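For reference, the structure is listed below as structure tokens.
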Amino acid sequence: MIRKNQRLINGLNLLSDQVLIFFSYFAALFTKFFLIERHNGTLVWFSESLYWGVALAYSALLVVVYYFAGLYGSYRFKKAESEIFTVLVINGVGVLALMALLYLVRMSEFSRMALLLFWIYSSLFVLGKRTIARALLRHYRKLGYNQKHVVVVGSGHFAHQYVEDVKQNPHMGFTVDGYVSEEDCPDLGTRLGSFAELEEVLGGRQVDEVVAALEPSEIGFMKQVLETADKTGVRISIIPFYNDYIPNYPTIDVVGRTKLINMRTTPLDNVLWRLIKRVVDVVGSMVLIILTSPFMLFAAIGVRLSSPGPILFRQERVGRDKKPFLMYKFRSMRITGTEDTGWSTNEDPRKTKFGSFIRKYSIDELPQFFNVLKGDMSLIGPRPEVPFHVNHFKEEIPLYLVRQQVRPGITGWAQVHGLRGDTSIEKRVKYDIWYIENWSLWLDIKILFMTVFGGLKNDEKVI
């Protein structure tokens with residue numbers, strides 16, 4: 001039943017997208033010529049069937065692109081941020097292609113503003129509809145509708161974890177009908193039978209998916225479970241007993257008959273995403289250098305007057321792929337010869353009064369925009385550490401050097417959660433790894449907003 005419902009939802013989703021894109025064409029023209037320019041009379045773009053045909057063909061072509069981009073399917077596992085970005089990019093490229101086509105067929109009199117409005121309206125309508133649909137589905141799934149019926153095979157740690165996760169996420173629409181195991185485990189739900197009875201269990205009820213959560217001692221039953229699921233036509237998912245060591249988005253490579261699970265694949269391994277992040281860094285750092293230049297001038301004068309020594313503090317830090325680089329900051333401490341190791345603390349006697357002020361409001365970090373421009377750093381990423389700490393922590397903290405797979409950042413997921421300065425390095429690494437594994441352009445934008453509206457001022461004491 002769930003598959004039939006999903007096909008119906010997918011069909012309605014596709015058809016409504018096409019209708020909304022087609023309607024956006026006329027909404028854009030109406031806005032441009034009747035609301036903005038106060039045009040009187042009927043426009044050729046409304047009256048001629050050629051333009052209607054172009055709009056209809058364009059809307060049909062765009063939903064085909066949506067389809068191949070994976071925008072039609074279950075919302076259970078899809079991130080809203082990824083969907084938003086995909087729609088905006090496809091619509092943007094589509095409008096540019098439409099503009100090029102209109103010039104090629106000598107329809108150059110078509111309004112560019114109308115095309116811009118077309119992109120805005122089509123994106124807003126499609127994303128608005130999808131947001132409403134996502135919210136409605138979550139609501140009705142919480143009420144018990146549109147459920148995917150699951151049978152769990154196993155009764156160990158990960159079987160319990162899966163059942164608990166399903167209970168805590170009712171909006172995803174999973175219902176665990178029971179479990180199959182060699183032993184009773186009342187707190188797991190209803191025991192449906194043993195491994196030998198799995199075929200009878202799956203054949204006697206409407207099951208959408210089997211989730212195999214076998215313990216290492218039960219792995220010998222895996223072949224039987226897979227064959228039974230295939231025989232009864234039920235889809236199967238596997239929770240491996242090494243689940244805790246697998247990142248959120250692993251990839252699988254194939255060498256002959258051997259499947260290799262890449263444990264450290266990140267979204268930024270994708271060349272396109274890496275390029276987009278770099279473009280955002282370059283453009284963003286140039287804009288921010290211009291916008292913050294008055295503050296930098298203020299800081300430079302203040303540092304020069306507060307104590308003898310250079311205006312900028314250059315310190316070696318470890319960057320992407322463990323390569324060292326010189327990070328720039330406005331000097332906030334007196335020159336003592338102990339600047340190259342260790343963090344400063346809230347009561348650090350080396351800080352000047354002006355230095356503690358610019359540190360409290362993160363003004364001392366502004367020269368790092370030049371590090372971003374050079375390519376040593378990113379606007380967003382794990383904070384870079386000095387070699388002394390890297391060599392120390394890599395021996396004591398698991399996954400510490402995973403942070404070096406991406407460019408370090410001026411601000412990051414750990415920093416906006418208060419983990420900066422003299423705070424727990426273990427927690428900081430945990431947040432940094434989560435950021436690396438779950439990176440998206442929208443996550444970077446979110447961190448930027450969190451930094452601007454709350455992350456600039458810290459707990460530093462002004463002496």
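To be explicit about the labels: the chains of the structure tokens are called A, B, and onward in the order shown, and within each one the residues are counted from 1, while ligands get numbers from 1 in the order they are shown.
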TODO: Step one, run DSSP on the backbone; step two, keep only residues of range 232-459 of chain A assigned to strand (DSSP E or B); then write them as number ranges by chain.
DONE: A: 235-238, 251-255, 258-262, 312-318, 324-330, 333, 351, 378-380, 409-411
TODO: Within range 324-463 of chain A, find each residue whose DSSP state, derived from the backbone, is alpha helix (DSSP H), and express the selection as an MDAnalysis selection string.
DONE: chainID A and resid 353:360 368:374 387:396 425:437 441:450
Just-selected residues, N, CA and C atoms written as a compact mmCIF listing (two decimals), in the first residue's frame:
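Written out: selection-v7.txt:
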# COMPACT_ATOMS: atom_id res chain seq x y z
N LYS A 353 44.76 45.84 27.70
CA LYS A 353 43.37 46.23 27.90
C LYS A 353 42.65 46.35 26.57
N PHE A 354 43.32 46.97 25.59
CA PHE A 354 42.70 47.09 24.26
C PHE A 354 42.60 45.72 23.62
N GLY A 355 43.62 44.89 23.84
CA GLY A 355 43.59 43.54 23.28
C GLY A 355 42.43 42.71 23.78
N SER A 356 42.13 42.81 25.08
CA SER A 356 41.00 42.05 25.61
C SER A 356 39.68 42.56 25.04
N PHE A 357 39.63 43.86 24.71
CA PHE A 357 38.41 44.42 24.11
C PHE A 357 38.19 43.87 22.70
N ILE A 358 39.23 43.90 21.86
CA ILE A 358 39.04 43.43 20.48
C ILE A 358 38.85 41.91 20.44
N ARG A 359 39.38 41.20 21.44
CA ARG A 359 39.16 39.76 21.49
C ARG A 359 37.71 39.45 21.88
N LYS A 360 37.15 40.24 22.79
CA LYS A 360 35.78 39.99 23.23
C LYS A 360 34.80 40.11 22.08
N GLN A 368 42.06 37.58 9.28
CA GLN A 368 41.98 36.23 8.70
C GLN A 368 41.18 36.19 7.41
N PHE A 369 40.46 37.26 7.10
CA PHE A 369 39.82 37.34 5.78
C PHE A 369 40.87 37.27 4.67
N PHE A 370 42.07 37.79 4.96
CA PHE A 370 43.17 37.70 3.99
C PHE A 370 43.69 36.27 3.89
N ASN A 371 43.67 35.53 5.00
CA ASN A 371 44.00 34.10 4.94
C ASN A 371 43.02 33.34 4.05
N VAL A 372 41.74 33.74 4.15
CA VAL A 372 40.71 33.10 3.31
C VAL A 372 40.96 33.42 1.85
N LEU A 373 41.28 34.67 1.56
CA LEU A 373 41.55 35.09 0.19
C LEU A 373 42.74 34.34 -0.39
N LYS A 374 43.74 34.10 0.43
CA LYS A 374 44.94 33.37 -0.02
C LYS A 374 44.67 31.89 -0.24
N PRO A 387 50.85 23.78 15.72
CA PRO A 387 51.42 22.43 15.63
C PRO A 387 51.61 21.75 16.98
N PHE A 388 51.94 22.52 18.00
CA PHE A 388 52.14 21.95 19.34
C PHE A 388 50.90 21.19 19.80
N HIS A 389 49.72 21.80 19.63
CA HIS A 389 48.48 21.15 20.07
C HIS A 389 48.08 20.01 19.14
N VAL A 390 48.31 20.17 17.85
CA VAL A 390 47.98 19.10 16.90
C VAL A 390 48.76 17.84 17.23
N ASN A 391 50.05 17.99 17.47
CA ASN A 391 50.89 16.83 17.79
C ASN A 391 50.48 16.20 19.12
N HIS A 392 49.98 17.01 20.01
CA HIS A 392 49.57 16.50 21.32
C HIS A 392 48.22 15.79 21.24
N PHE A 393 47.25 16.46 20.64
CA PHE A 393 45.89 15.93 20.66
C PHE A 393 45.68 14.75 19.71
N LYS A 394 46.47 14.67 18.66
CA LYS A 394 46.27 13.56 17.71
C LYS A 394 46.56 12.21 18.37
N GLU A 395 47.34 12.22 19.46
CA GLU A 395 47.66 10.99 20.17
C GLU A 395 46.60 10.66 21.21
N GLU A 396 45.84 11.65 21.64
CA GLU A 396 44.91 11.45 22.76
C GLU A 396 43.44 11.44 22.36
N ILE A 425 38.28 20.38 24.31
CA ILE A 425 38.72 20.04 22.96
C ILE A 425 37.97 18.82 22.44
N GLU A 426 37.58 17.90 23.33
CA GLU A 426 36.82 16.72 22.90
C GLU A 426 35.48 17.13 22.29
N LYS A 427 34.78 18.04 22.96
CA LYS A 427 33.50 18.51 22.42
C LYS A 427 33.71 19.26 21.12
N ARG A 428 34.76 20.03 21.06
CA ARG A 428 35.04 20.80 19.85
C ARG A 428 35.25 19.87 18.65
N VAL A 429 36.03 18.83 18.87
CA VAL A 429 36.29 17.86 17.80
C VAL A 429 34.99 17.18 17.37
N LYS A 430 34.14 16.85 18.35
CA LYS A 430 32.85 16.21 18.03
C LYS A 430 32.02 17.09 17.12
N TYR A 431 31.93 18.39 17.44
CA TYR A 431 31.17 19.32 16.61
C TYR A 431 31.82 19.51 15.25
N ASP A 432 33.13 19.56 15.21
CA ASP A 432 33.84 19.73 13.93
C ASP A 432 33.62 18.55 13.00
N ILE A 433 33.67 17.33 13.56
CA ILE A 433 33.46 16.13 12.73
C ILE A 433 32.03 16.12 12.20
N TRP A 434 31.07 16.51 13.05
CA TRP A 434 29.68 16.56 12.59
C TRP A 434 29.55 17.53 11.43
N TYR A 435 30.20 18.69 11.53
CA TYR A 435 30.13 19.69 10.46
C TYR A 435 30.71 19.13 9.17
N ILE A 436 31.85 18.47 9.26
CA ILE A 436 32.52 17.93 8.07
C ILE A 436 31.64 16.89 7.39
N GLU A 437 31.03 16.00 8.19
CA GLU A 437 30.23 14.92 7.61
C GLU A 437 28.88 15.40 7.09
N LEU A 441 25.91 23.91 1.76
CA LEU A 441 26.01 25.36 1.59
C LEU A 441 25.07 26.06 2.57
N TRP A 442 23.90 25.46 2.80
CA TRP A 442 22.94 26.07 3.72
C TRP A 442 23.42 26.00 5.16
N LEU A 443 24.18 24.96 5.50
CA LEU A 443 24.75 24.88 6.84
C LEU A 443 25.77 26.00 7.04
N ASP A 444 26.58 26.28 6.00
CA ASP A 444 27.53 27.40 6.08
C ASP A 444 26.80 28.73 6.27
N ILE A 445 25.71 28.91 5.53
CA ILE A 445 24.93 30.15 5.66
C ILE A 445 24.35 30.26 7.06
N LYS A 446 23.86 29.14 7.58
CA LYS A 446 23.30 29.13 8.94
C LYS A 446 24.36 29.52 9.96
N ILE A 447 25.57 28.98 9.81
CA ILE A 447 26.66 29.29 10.75
C ILE A 447 27.05 30.76 10.65
N LEU A 448 27.05 31.30 9.42
CA LEU A 448 27.36 32.72 9.26
C LEU A 448 26.34 33.59 10.00
N PHE A 449 25.06 33.26 9.85
CA PHE A 449 24.02 34.02 10.54
C PHE A 449 24.14 33.86 12.05
N MET A 450 24.43 32.65 12.52
CA MET A 450 24.59 32.43 13.96
C MET A 450 25.80 33.19 14.50
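Put simply, CA of Leu20 in chain A is 17.6 Å away from CA of Val93 in chain A.
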Using only C-alpha atoms, I'd like a table of the residues in range 172-229 of chain A that come within 12 Å of range 116-140 of chain A; for each, show the closest atom pair and its distance in Å rounded to one decimal, ordered by chain and ascending number, as a Markdown table.
| residue | atom | partner | partner_atom | distance |
| --- | --- | --- | --- | --- |
| A:Met172 | CA | A:Arg138 | CA | 6.6 |
| A:Gly173 | CA | A:Arg138 | CA | 7.6 |
| A:Phe174 | CA | A:Arg138 | CA | 11.3 |
- [ ] Tell me which protein, DNA and RNA residues are within 9 Å of range 217-221 of chain A, counting only C-alpha atoms, leaving out same-chain ones fewer than 4 positions away, and put them as a ChimeraX atom specification.
- [x] /A:154,195,225-226
Task: All residues 10 Å or closer to Thr31 in chain A, only C-alpha atoms, same chain fewer than 4 positions away omitted, as a count of residues only - done: 10
